[in-house]
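Worksheet: the structure to be examined is printed underneath.
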Protein chains: 2
Amino acid sequence: MATSADVARLAGVSLSTVSYALSGKRPVSQETRDRIEKAIAELGFSPNAGARALASSQTHVLGLFVQFLPDEFSPAMLQYVLPITEAARSAGYDTLFVTEADGPHALQRIASSNMVDGVVLLNVAHDDPRLPILRNIRQPGAMVGLPRTTDGFDVFDLDFAESARLLVDHLAQLGHREVVLITPNEHVYERGYAYAWRFRDAALERASRHGIRVFSYPGQTQQPGLNEQLNRILDERPEATALVVHNDAAIAALPAVLHARGVRVPDDLSVVGLYSEDFGRLFSLPYTAVESSPDKLGRSAVQTLVKRLNKPETEGHVLELVVPEITDRGSTRAV
Amino acid sequence: MATSADVARLAGVSLSTVSYALSGKRPVSQETRDRIEKAIAELGFSPNAGARALASSQTHVLGLFVQFLPDEFSPAMLQYVLPITEAARSAGYDTLFVTEADGPHALQRIASSNMVDGVVLLNVAHDDPRLPILRNIRQPGAMVGLPRTTDGFDVFDLDFAESARLLVDHLAQLGHREVVLITPNEHVYERGYAYAWRFRDAALERASRHGIRVFSYPGQTQQPGLNEQLNRILDERPEATALVVHNDAAIAALPAVLHARGVRVPDDLSVVGLYSEDFGRLFSLPYTAVESSPDKLGRSAVQTLVKRLNKPETEGHVLELVVPEITDRGSTRAV
DNA sequence: CTGAAAGCGCTTACAG
DNA sequence: CTGAAAGCGCTTACAG
């Protein structure tokens, strides 16, 4: 491997000039720049990341901390991960992908060994055990998911409460008065993922204001249990004219279940949900839904983090709750 | 941040002793070890990764190079990625997740800047443009996917040809003589992913030996086109008594399509496929299938790579074609 | 516009 | 069993 000393020698300049030609932090005359570039090309030189990190205290790597939970419905995860690595790269950062089960420990380890300049936390829970760590490490962090206290952090999430209100209002306008709500699995509540109750509570509150009766059920995790459960619920609530589904696994299972029952959407039943366009395409979901915008959330988190890395003094943290929008796919009708 | 010099001072030992106590590369007496550990705990010391990499030429990071193609069915990808990061971590490595569109360039960049000790390449094509790069970088690499020439590489893949034969034999034994084969999308062939034709060609060859007629179709990528195509094929081939599906999107779409047509499996139609258990669970697929073993392949790639990192002199590269096994889910019957 | 030199925080022969 | 020192390959004040 060629080093910058080799380049300097071949170009007939000093080590520092090579470094400055590369970083642009000091003006370098066109001629010397040319000679240096020629030498770099000739030697196939590429600066050593470790040395650079040691000298500059910058790794140009971001840590992406994800938690894959036992009975989670995982395909949704990739929708956050990919936009994040892409946004990072276009900002000049590579991504260290960390999936350790012990999230706090991993965060501490990676941060204190200075492997990354900043971190992005995914699936942040209401009382996320990684947050106390994040508060004490040197690196700034951005997160997707709304924790109990957000001060000191850059936080990005969908406005789940408003999403619920939008969907309930939509059904209310169409005259629905009996609605089944499928919420995330109960483990999601137990693990303290606030999006679950933020959506549910707002939906219930709004529904009661409209005089709508809501039958709420946390969805099952596993098949075939989930399909059986959906059938049971539909048997139990023949009076329901609409279904609100805030549960990826359930919404993916729904087309087959409804088809098997001979239920036509929206003629026999109106259906609305909350999922991303990509997810909908993956499962060919034909339902009117609030777009969950994983790509937008991931990208915003990275961009804010990078901005903060570039001006470390920046105070004033960001709390961005993405305003939900309904994508009408024609799965509802008036009753 | 405390440095190892701080630890040495506090413990009253030399810098080198701290380093050796940490690495275990030299015996250190119990008393000094205790003093050092106490000092480390007191200072919250954690070695600097950049300095360590610079001094030792080892990063303890593996590069994971994945290509996300435009019209790919992505949920399958995570099944490889997760076992790889987990296997890496249990071997003491972190994972740099690289998804750049320009794979060869990214590989060159990451390798020549010495950010990683070794690389894992995913979705390797027959003439993968990353392979010439891999040949020239200092780091060893392992891959999942079978390229044209494997010498000099550690290669892991499912034996797709044998998989096809197993499935065809299974159907032949049950007396099927007219079979529809759904293969990967034609873009997959164009991009040179050998698994597509390795499976198809072996299936056709074996079928002809059994006197089985095969109607072969590359699947569509997008919905609703895919469902329409599946219906068209089934209309066109009423004489077919069995379906062989080597296409993730198609197999995921199949239950709904068959249900809509009132086709019962296996009473009206036998169905076999090739997919992983996880994938099957995700989509509740009830089909007898060859297990594609993404976790096993990913883990093996990492383990072999790590072994090679530990003894760099090792010659003799590995070419492991995983022997396929059928998981019988009762979706076939005799005709 | 350019150079010489210190320093980043470790590892690892070399010595004893 | 332990220490003193060189060196890994950069960046960045300090000087001119």
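So you can find residues: chains in the structure tokens are A, B, ... in the order shown, residues in each start at 1, and ligands are numbered from 1 in order.
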Check your understanding: Got a sec to tell me which of stretch 155-323 of chain B DSSP assigns to strand (DSSP E), as number ranges by chain?
Key -> B: 155-158, 178-183, 213-218, 242-245, 270-275, 288-291, 319-322
Practice item. Identify, on the basis of only C-alpha atoms (C1' of nucleotides), every residue whose closest approach to stretch 190-207 of chain A does not exceed 6 Å; exclude the query and any residue fewer than 5 positions from it along the same chain; express the result as a PyMOL selection string. Key: chain A and resi 125-126+160-161+164-165+212
Point to revise | Which residue of A:Arg52, A:Arg35, A:Arg148, A:His246 approaches chain D most closely, using only C-alpha atoms (C1' of nucleotides) | key: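 Residue with the minimum atom-to-atom distance to chain D: A:Arg52.
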Exercise for review: Quick one: pick out all alpha helix (DSSP H) residues within stretch 232-273 of chain B from a backbone DSSP run and write them as number ranges by chain.
Suggested key: B: 232-236, 248-261
Write the selection just made, keeping C-alpha atoms, as a PDB file, in the first residue's frame?
```pdb
ATOM      1  CA  ARG B 232     -53.306 -16.225 -17.516  1.00  0.00           C
ATOM      2  CA  ILE B 233     -50.842 -19.057 -17.175  1.00  0.00           C
ATOM      3  CA  LEU B 234     -53.308 -21.188 -15.263  1.00  0.00           C
ATOM      4  CA  ASP B 235     -55.937 -20.497 -17.912  1.00  0.00           C
ATOM      5  CA  GLU B 236     -53.509 -21.439 -20.646  1.00  0.00           C
ATOM      6  CA  ASP B 248     -40.335 -15.271  -4.361  1.00  0.00           C
ATOM      7  CA  ALA B 249     -42.858 -12.726  -5.543  1.00  0.00           C
ATOM      8  CA  ALA B 250     -44.881 -15.347  -7.376  1.00  0.00           C
ATOM      9  CA  ILE B 251     -44.971 -17.777  -4.504  1.00  0.00           C
ATOM     10  CA  ALA B 252     -46.066 -15.022  -2.140  1.00  0.00           C
ATOM     11  CA  ALA B 253     -48.850 -14.058  -4.517  1.00  0.00           C
ATOM     12  CA  LEU B 254     -49.955 -17.598  -5.176  1.00  0.00           C
ATOM     13  CA  PRO B 255     -52.230 -18.330  -2.208  1.00  0.00           C
ATOM     14  CA  ALA B 256     -54.509 -15.409  -3.030  1.00  0.00           C
ATOM     15  CA  VAL B 257     -54.542 -16.194  -6.744  1.00  0.00           C
ATOM     16  CA  LEU B 258     -55.361 -19.868  -6.249  1.00  0.00           C
ATOM     17  CA  HIS B 259     -57.963 -19.067  -3.678  1.00  0.00           C
ATOM     18  CA  ALA B 260     -59.641 -16.601  -6.001  1.00  0.00           C
ATOM     19  CA  ARG B 261     -59.801 -19.249  -8.685  1.00  0.00           C
TER      20      ARG B 261
END
```
Review point. Which residues come within 12 Å of C:DC14, counting only C-alpha atoms (C1' of nucleotides), excluding same-chain residues fewer than 4 positions away, as a ChimeraX atom specification?
Key: /D:3-6
Using the selection just defined, write its residues with C-alpha atoms (C1' of nucleotides) as a short mmCIF file (atom, residue, chain, number, x, y, z; two decimals), in the first residue's frame.
```cif
data_model
loop_
_atom_site.label_atom_id
_atom_site.label_comp_id
_atom_site.auth_asym_id
_atom_site.auth_seq_id
_atom_site.Cartn_x
_atom_site.Cartn_y
_atom_site.Cartn_z
"C1'" DG D 3 9.54 -1.25 30.34
"C1'" DA D 4 11.20 2.12 26.93
"C1'" DA D 5 10.78 3.23 22.28
"C1'" DA D 6 9.81 2.98 17.50
#
```
For chain A, work out the contacting residues on chain C at 8 Å, counting only C-alpha atoms (C1' of nucleotides), and write them as a short mmCIF file (atom, residue, chain, number, x, y, z; two decimals) with C-alpha atoms (C1' of nucleotides), in the first residue's frame.
```cif
data_model
loop_
_atom_site.label_atom_id
_atom_site.label_comp_id
_atom_site.auth_asym_id
_atom_site.auth_seq_id
_atom_site.Cartn_x
_atom_site.Cartn_y
_atom_site.Cartn_z
"C1'" DC C 1 1.62 29.02 -1.61
"C1'" DT C 2 4.62 25.43 0.89
"C1'" DG C 3 7.51 22.75 4.60
"C1'" DG C 7 0.83 14.52 17.78
"C1'" DC C 8 -3.35 11.42 17.43
"C1'" DG C 9 -3.50 6.47 20.66
#
```
Point to revise | Residues of chain A within 8 Å of chain B, counting only C-alpha atoms, as a PyMOL selection string | key: chain A and resi 46-54+73+75+78+82+85-86+89+94-100+109+112-115+223-224+253+255-256+259-260+281-284
What does the file look like for those residues with C-alpha atoms, as a CSV table (one decimal), in the first residue's frame?
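What landed in selection-v2.csv:
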```csv
chain,number,residue,atom,x,y,z
A,46,SER,CA,-5.9,5.8,-1.0
A,47,PRO,CA,-5.7,7.4,2.4
A,48,ASN,CA,-5.8,5.0,5.3
A,49,ALA,CA,-9.0,5.4,7.2
A,50,GLY,CA,-7.6,4.4,10.6
A,51,ALA,CA,-4.8,6.9,10.4
A,52,ARG,CA,-7.1,9.6,9.2
A,53,ALA,CA,-9.5,8.8,12.0
A,54,LEU,CA,-6.8,8.9,14.6
A,73,PHE,CA,-42.7,-8.5,11.3
A,75,PRO,CA,-39.8,-6.7,6.1
A,78,LEU,CA,-35.5,-2.6,5.5
A,82,LEU,CA,-31.9,1.4,3.1
A,85,THR,CA,-27.5,4.1,4.3
A,86,GLU,CA,-28.1,5.9,1.1
A,89,ARG,CA,-23.4,7.8,1.7
A,94,ASP,CA,-20.5,4.9,5.5
A,95,THR,CA,-22.8,3.0,7.8
A,96,LEU,CA,-21.9,0.5,10.5
A,97,PHE,CA,-24.9,-1.7,10.9
A,98,VAL,CA,-25.4,-2.9,14.5
A,99,THR,CA,-28.0,-5.4,15.3
A,100,GLU,CA,-26.8,-6.7,18.7
A,109,ARG,CA,-19.1,-0.1,22.9
A,112,SER,CA,-16.6,4.8,23.3
A,113,SER,CA,-14.2,3.1,21.0
A,114,ASN,CA,-14.8,6.0,18.6
A,115,MET,CA,-15.8,3.8,15.6
A,223,GLN,CA,-49.7,-17.5,11.4
A,224,PRO,CA,-52.0,-19.3,11.2
A,253,ALA,CA,-52.9,-11.1,5.8
A,255,PRO,CA,-56.7,-9.7,1.5
A,256,ALA,CA,-56.6,-13.5,1.7
A,259,HIS,CA,-61.4,-13.1,0.0
A,260,ALA,CA,-61.9,-16.4,1.7
A,281,ARG,CA,-46.6,-2.7,-3.2
A,282,LEU,CA,-44.8,-5.7,-1.7
A,283,PHE,CA,-48.1,-7.2,-0.6
A,284,SER,CA,-50.3,-5.7,-3.3
```
Could you do a least-squares fit of chain B on chain A over every C-alpha atom, in sequence order, and give the output as a compact mmCIF listing (two decimals) with C-alpha atoms, in the first residue's frame?
```
# COMPACT_ATOMS: atom_id res chain seq x y z
CA MET B 1 -0.02 0.01 0.06
CA ALA B 2 1.21 3.40 -0.92
CA THR B 3 1.12 6.06 1.78
CA SER B 4 0.81 9.78 1.50
CA ALA B 5 4.57 9.93 2.13
CA ASP B 6 5.08 7.93 -1.07
CA VAL B 7 2.83 10.32 -2.91
CA ALA B 8 4.71 13.32 -1.53
CA ARG B 9 8.05 11.88 -2.55
CA LEU B 10 6.90 11.01 -6.07
CA ALA B 11 5.26 14.39 -6.53
CA GLY B 12 8.24 16.19 -5.06
CA VAL B 13 6.19 18.00 -2.43
CA SER B 14 5.79 17.80 1.31
CA LEU B 15 3.50 15.49 3.20
CA SER B 16 1.35 18.34 4.35
CA THR B 17 0.79 19.59 0.85
CA VAL B 18 -0.50 16.20 -0.15
CA SER B 19 -2.89 16.24 2.76
CA TYR B 20 -4.09 19.74 1.97
CA ALA B 21 -4.48 18.94 -1.70
CA LEU B 22 -6.73 16.08 -0.67
CA SER B 23 -8.77 17.94 1.90
CA GLY B 24 -8.86 21.32 0.18
CA LYS B 25 -8.38 23.01 3.55
CA ARG B 26 -5.58 25.11 2.20
CA PRO B 27 -5.05 26.52 -1.27
CA VAL B 28 -2.72 24.48 -3.44
CA SER B 29 -1.46 25.72 -6.78
CA GLN B 30 -2.77 24.04 -9.86
CA GLU B 31 0.65 22.71 -10.89
CA THR B 32 1.40 21.00 -7.57
CA ARG B 33 -2.13 19.73 -7.43
CA ASP B 34 -1.63 18.16 -10.84
CA ARG B 35 1.63 16.56 -9.81
CA ILE B 36 0.04 15.18 -6.68
CA GLU B 37 -2.93 13.80 -8.55
CA LYS B 38 -0.63 12.16 -11.04
CA ALA B 39 1.36 10.58 -8.25
CA ILE B 40 -1.82 9.40 -6.53
CA ALA B 41 -3.04 7.78 -9.70
CA GLU B 42 0.31 6.22 -10.42
CA LEU B 43 0.61 4.69 -6.98
CA GLY B 44 -3.06 3.85 -6.62
CA PHE B 45 -2.95 5.70 -3.34
CA SER B 46 -5.93 5.78 -1.03
CA PRO B 47 -5.72 7.34 2.41
CA ASN B 48 -5.77 4.99 5.35
CA ALA B 49 -9.04 5.35 7.23
CA GLY B 50 -7.60 4.43 10.60
CA ALA B 51 -4.79 6.93 10.40
CA ARG B 52 -7.18 9.56 9.23
CA ALA B 53 -9.57 8.85 12.06
CA LEU B 54 -6.77 8.95 14.59
CA ALA B 55 -5.37 12.22 13.36
CA SER B 56 -8.62 14.01 12.72
CA SER B 57 -10.97 12.39 15.26
CA GLN B 58 -13.41 11.80 12.45
CA THR B 59 -14.32 8.40 11.07
CA HIS B 60 -16.89 9.38 8.45
CA VAL B 61 -18.88 6.42 9.64
CA LEU B 62 -22.35 6.52 11.16
CA GLY B 63 -23.61 3.82 13.48
CA LEU B 64 -27.05 2.45 12.70
CA PHE B 65 -28.55 0.71 15.70
CA VAL B 66 -31.47 -1.57 15.00
CA GLN B 67 -33.28 -3.97 17.23
CA PHE B 68 -34.73 -7.08 15.66
CA LEU B 69 -37.30 -8.35 18.07
CA PRO B 70 -38.24 -12.02 18.31
CA ASP B 71 -41.75 -11.96 16.89
CA GLU B 72 -41.48 -8.89 14.81
CA PHE B 73 -42.70 -8.53 11.29
CA SER B 74 -39.35 -7.65 9.81
CA PRO B 75 -39.84 -6.70 6.15
CA ALA B 76 -40.83 -3.24 7.30
CA MET B 77 -37.38 -2.69 8.81
CA LEU B 78 -35.48 -2.62 5.55
CA GLN B 79 -37.53 0.36 4.45
CA TYR B 80 -35.82 2.42 7.13
CA VAL B 81 -32.37 0.91 6.81
CA LEU B 82 -31.89 1.40 3.10
CA PRO B 83 -32.77 5.09 2.88
CA ILE B 84 -30.53 5.67 5.88
CA THR B 85 -27.46 4.04 4.36
CA GLU B 86 -28.15 5.84 1.12
CA ALA B 87 -28.59 9.22 2.75
CA ALA B 88 -25.45 8.62 4.79
CA ARG B 89 -23.45 7.75 1.71
CA SER B 90 -24.52 10.79 -0.21
CA ALA B 91 -23.40 12.87 2.75
CA GLY B 92 -20.02 11.14 2.65
CA TYR B 93 -20.58 8.64 5.44
CA ASP B 94 -20.47 4.87 5.55
CA THR B 95 -22.76 2.93 7.84
CA LEU B 96 -21.90 0.51 10.59
CA PHE B 97 -24.91 -1.74 10.95
CA VAL B 98 -25.38 -2.87 14.53
CA THR B 99 -28.04 -5.40 15.41
CA GLU B 100 -26.84 -6.75 18.75
CA ALA B 101 -29.54 -7.93 21.09
CA ASP B 102 -28.07 -5.87 23.91
CA GLY B 103 -28.61 -2.46 22.36
CA PRO B 104 -27.33 -0.28 25.21
CA HIS B 105 -24.14 -2.29 25.51
CA ALA B 106 -23.52 -2.17 21.78
CA LEU B 107 -24.09 1.57 21.67
CA GLN B 108 -21.68 2.11 24.53
CA ARG B 109 -19.06 -0.13 22.97
CA ILE B 110 -19.17 1.39 19.50
CA ALA B 111 -19.34 4.96 20.76
CA SER B 112 -16.61 4.80 23.34
CA SER B 113 -14.19 3.10 20.99
CA ASN B 114 -14.79 5.98 18.61
CA MET B 115 -15.77 3.82 15.68
CA VAL B 116 -18.42 6.27 14.52
CA ASP B 117 -18.99 10.02 14.34
CA GLY B 118 -22.67 9.83 15.13
CA VAL B 119 -25.47 7.34 15.61
CA VAL B 120 -28.95 6.70 14.33
CA LEU B 121 -31.27 4.73 16.57
CA LEU B 122 -34.15 2.84 15.05
CA ASN B 123 -37.31 1.52 16.73
CA VAL B 124 -36.90 3.74 19.76
CA ALA B 125 -39.20 2.80 22.63
CA HIS B 126 -40.92 5.11 25.08
CA ASP B 127 -38.35 4.33 27.78
CA ASP B 128 -35.59 3.16 25.55
CA PRO B 129 -32.63 1.81 27.53
CA ARG B 130 -30.28 3.14 24.87
CA LEU B 131 -31.16 6.74 25.60
CA PRO B 132 -29.26 7.10 28.89
CA ILE B 133 -26.21 5.81 27.03
CA LEU B 134 -26.81 8.19 24.15
CA ARG B 135 -26.87 11.06 26.61
CA ASN B 136 -23.43 10.21 27.88
CA ILE B 137 -21.48 9.46 24.74
CA ARG B 138 -19.56 12.05 22.84
CA GLN B 139 -21.30 11.39 19.52
CA PRO B 140 -24.56 13.07 18.62
CA GLY B 141 -27.51 10.87 17.81
CA ALA B 142 -30.72 11.05 15.86
CA MET B 143 -33.57 8.63 16.22
CA VAL B 144 -36.69 7.35 14.55
CA GLY B 145 -39.40 6.73 17.14
CA LEU B 146 -40.73 8.96 19.87
CA PRO B 147 -39.35 8.45 23.38
CA ARG B 148 -40.83 9.81 26.61
CA THR B 149 -38.41 12.71 26.81
CA THR B 150 -36.90 14.11 23.68
CA ASP B 151 -34.76 16.96 24.96
CA GLY B 152 -31.16 16.72 23.93
CA PHE B 153 -32.02 14.50 20.96
CA ASP B 154 -33.04 14.88 17.37
CA VAL B 155 -36.22 12.90 17.07
CA PHE B 156 -38.21 11.89 14.00
CA ASP B 157 -41.44 10.02 13.88
CA LEU B 158 -44.75 9.90 12.15
CA ASP B 159 -47.52 11.74 13.98
CA PHE B 160 -49.40 8.58 14.86
CA ALA B 161 -52.09 10.36 16.85
CA GLU B 162 -52.90 12.65 13.96
CA SER B 163 -52.78 9.66 11.61
CA ALA B 164 -55.44 7.94 13.65
CA ARG B 165 -57.60 11.06 13.67
CA LEU B 166 -57.33 11.43 9.92
CA LEU B 167 -58.46 7.88 9.32
CA VAL B 168 -61.28 8.08 11.84
CA ASP B 169 -62.46 11.38 10.38
CA HIS B 170 -62.40 9.84 6.94
CA LEU B 171 -64.64 7.01 8.07
CA ALA B 172 -66.87 9.34 10.08
CA GLN B 173 -67.49 11.49 7.04
CA LEU B 174 -68.61 8.41 5.15
CA GLY B 175 -71.12 7.66 7.88
CA HIS B 176 -69.44 4.68 9.55
CA ARG B 177 -70.55 4.21 13.15
CA GLU B 178 -69.27 0.70 14.00
CA VAL B 179 -65.59 0.12 13.43
CA VAL B 180 -63.12 -2.64 14.18
CA LEU B 181 -59.59 -1.53 15.06
CA ILE B 182 -56.66 -3.94 14.76
CA THR B 183 -53.71 -2.59 16.73
CA PRO B 184 -50.14 -3.83 17.00
CA ASN B 185 -49.44 -7.02 18.87
CA GLU B 186 -49.59 -6.73 22.63
CA HIS B 187 -45.84 -7.37 22.90
CA VAL B 188 -45.39 -4.07 21.12
CA TYR B 189 -47.24 -2.35 23.96
CA GLU B 190 -45.30 -4.29 26.58
CA ARG B 191 -42.02 -3.32 25.02
CA GLY B 192 -43.11 0.26 25.29
CA TYR B 193 -43.37 1.26 21.66
CA ALA B 194 -45.36 4.41 22.02
CA TYR B 195 -46.61 4.45 18.47
CA ALA B 196 -49.00 1.67 19.41
CA TRP B 197 -50.95 3.59 22.01
CA ARG B 198 -50.46 6.98 20.40
CA PHE B 199 -52.45 5.68 17.44
CA ARG B 200 -54.99 3.68 19.41
CA ASP B 201 -55.75 6.29 22.04
CA ALA B 202 -56.20 9.03 19.47
CA ALA B 203 -58.41 6.76 17.38
CA LEU B 204 -60.63 5.93 20.35
CA GLU B 205 -60.83 9.52 21.49
CA ARG B 206 -61.71 10.82 18.05
CA ALA B 207 -64.18 8.05 17.42
CA SER B 208 -66.04 8.73 20.61
CA ARG B 209 -66.28 12.36 19.64
CA HIS B 210 -67.90 11.29 16.37
CA GLY B 211 -70.17 8.87 18.17
CA ILE B 212 -68.42 5.91 16.55
CA ARG B 213 -68.21 2.61 18.40
CA VAL B 214 -64.77 1.02 18.15
CA PHE B 215 -64.00 -2.64 18.80
CA SER B 216 -60.29 -2.73 19.39
CA TYR B 217 -58.08 -5.84 19.19
CA PRO B 218 -54.31 -6.27 19.36
CA GLY B 219 -53.27 -8.47 16.44
CA GLN B 220 -51.67 -11.87 16.72
CA THR B 221 -48.06 -12.29 15.69
CA GLN B 222 -47.87 -15.70 14.14
CA GLN B 223 -49.62 -17.47 11.35
CA PRO B 224 -51.92 -19.31 11.18
CA GLY B 225 -53.11 -17.72 14.43
CA LEU B 226 -53.42 -14.32 12.85
CA ASN B 227 -55.76 -15.42 10.07
CA GLU B 228 -57.91 -17.32 12.53
CA GLN B 229 -58.07 -14.31 14.77
CA LEU B 230 -59.11 -12.01 11.95
CA ASN B 231 -61.89 -14.43 11.04
CA ARG B 232 -63.02 -14.65 14.64
CA ILE B 233 -63.14 -10.89 14.95
CA LEU B 234 -65.15 -10.53 11.77
CA ASP B 235 -67.55 -13.20 13.00
CA GLU B 236 -67.90 -11.43 16.31
CA ARG B 237 -68.54 -8.01 14.82
CA PRO B 238 -70.87 -8.39 11.87
CA GLU B 239 -72.24 -4.95 12.61
CA ALA B 240 -68.90 -3.30 11.84
CA THR B 241 -68.91 -1.49 8.51
CA ALA B 242 -65.25 -0.56 8.53
CA LEU B 243 -61.86 -1.86 9.56
CA VAL B 244 -58.93 0.27 10.74
CA VAL B 245 -55.70 -1.71 10.66
CA HIS B 246 -52.56 -0.49 12.38
CA ASN B 247 -50.61 -3.71 12.15
CA ASP B 248 -48.35 -4.73 9.29
CA ALA B 249 -48.83 -8.46 9.63
CA ALA B 250 -52.59 -8.11 9.82
CA ILE B 251 -52.88 -5.84 6.84
CA ALA B 252 -50.71 -8.18 4.78
CA ALA B 253 -52.91 -11.11 5.76
CA LEU B 254 -56.16 -9.28 5.18
CA PRO B 255 -56.67 -9.66 1.42
CA ALA B 256 -56.59 -13.45 1.63
CA VAL B 257 -58.82 -13.54 4.70
CA LEU B 258 -61.44 -11.23 3.22
CA HIS B 259 -61.36 -13.03 -0.06
CA ALA B 260 -61.89 -16.36 1.65
CA ARG B 261 -64.91 -14.96 3.43
CA GLY B 262 -66.28 -13.54 0.22
CA VAL B 263 -66.13 -10.05 1.65
CA ARG B 264 -65.73 -7.39 -1.03
CA VAL B 265 -63.92 -4.14 -0.30
CA PRO B 266 -65.36 -1.55 -0.17
CA ASP B 267 -68.81 -2.87 -1.12
CA ASP B 268 -69.22 -5.05 1.96
CA LEU B 269 -66.58 -3.51 4.17
CA SER B 270 -64.49 -0.35 4.17
CA VAL B 271 -60.84 -0.83 5.07
CA VAL B 272 -58.17 1.71 6.01
CA GLY B 273 -54.69 1.23 7.37
CA LEU B 274 -51.32 2.73 8.05
CA TYR B 275 -48.37 1.51 6.05
CA SER B 276 -45.80 2.63 3.54
CA GLU B 277 -46.18 2.68 -0.18
CA ASP B 278 -43.34 0.18 -0.56
CA PHE B 279 -44.92 -2.16 1.89
CA GLY B 280 -48.20 -1.88 0.09
CA ARG B 281 -46.58 -2.67 -3.22
CA LEU B 282 -44.80 -5.66 -1.73
CA PHE B 283 -48.04 -7.21 -0.60
CA SER B 284 -50.23 -5.69 -3.31
CA LEU B 285 -52.36 -3.98 -0.69
CA PRO B 286 -55.33 -2.16 -2.16
CA TYR B 287 -56.26 -0.18 0.93
CA THR B 288 -56.63 3.51 1.54
CA ALA B 289 -53.98 4.28 4.11
CA VAL B 290 -51.85 6.80 5.88
CA GLU B 291 -48.36 6.70 4.40
CA SER B 292 -45.86 5.83 7.13
CA SER B 293 -42.94 7.46 5.29
CA PRO B 294 -40.03 5.32 6.48
CA ASP B 295 -37.77 6.72 3.78
CA LYS B 296 -38.53 10.30 4.71
CA LEU B 297 -38.00 9.63 8.41
CA GLY B 298 -34.73 7.80 7.86
CA ARG B 299 -33.39 10.43 5.52
CA SER B 300 -34.37 13.29 7.80
CA ALA B 301 -32.66 11.63 10.74
CA VAL B 302 -29.43 11.24 8.80
CA GLN B 303 -29.52 14.73 7.35
CA THR B 304 -30.06 16.34 10.72
CA LEU B 305 -27.33 14.23 12.25
CA VAL B 306 -24.89 15.15 9.52
CA LYS B 307 -25.77 18.81 9.86
CA ARG B 308 -25.02 18.57 13.54
CA LEU B 309 -21.72 16.86 12.85
CA ASN B 310 -20.74 19.71 10.61
CA LYS B 311 -21.60 22.35 13.19
CA PRO B 312 -21.22 20.74 16.59
CA GLU B 313 -22.11 23.93 18.43
CA THR B 314 -25.70 23.81 17.13
CA GLU B 315 -28.07 23.74 20.03
CA GLY B 316 -31.82 23.49 19.58
CA HIS B 317 -32.79 19.93 18.89
CA VAL B 318 -35.30 18.84 16.33
CA LEU B 319 -38.55 17.08 17.14
CA GLU B 320 -40.19 16.35 13.84
CA LEU B 321 -43.52 14.61 13.77
CA VAL B 322 -44.27 13.99 10.12
CA VAL B 323 -47.71 15.21 9.18
CA PRO B 324 -49.65 12.21 7.95
CA GLU B 325 -51.28 12.07 4.57
CA ILE B 326 -53.91 9.69 3.33
CA THR B 327 -53.37 7.84 0.08
CA ASP B 328 -56.83 7.07 -1.23
CA ARG B 329 -56.88 3.65 -2.88
CA GLY B 330 -60.63 3.45 -3.03
CA SER B 331 -61.16 0.94 -0.26
CA THR B 332 -63.81 2.94 1.57
CA ARG B 333 -67.34 3.99 0.74
CA ALA B 334 -70.28 5.72 2.34
CA VAL B 335 -72.77 3.73 4.38
```
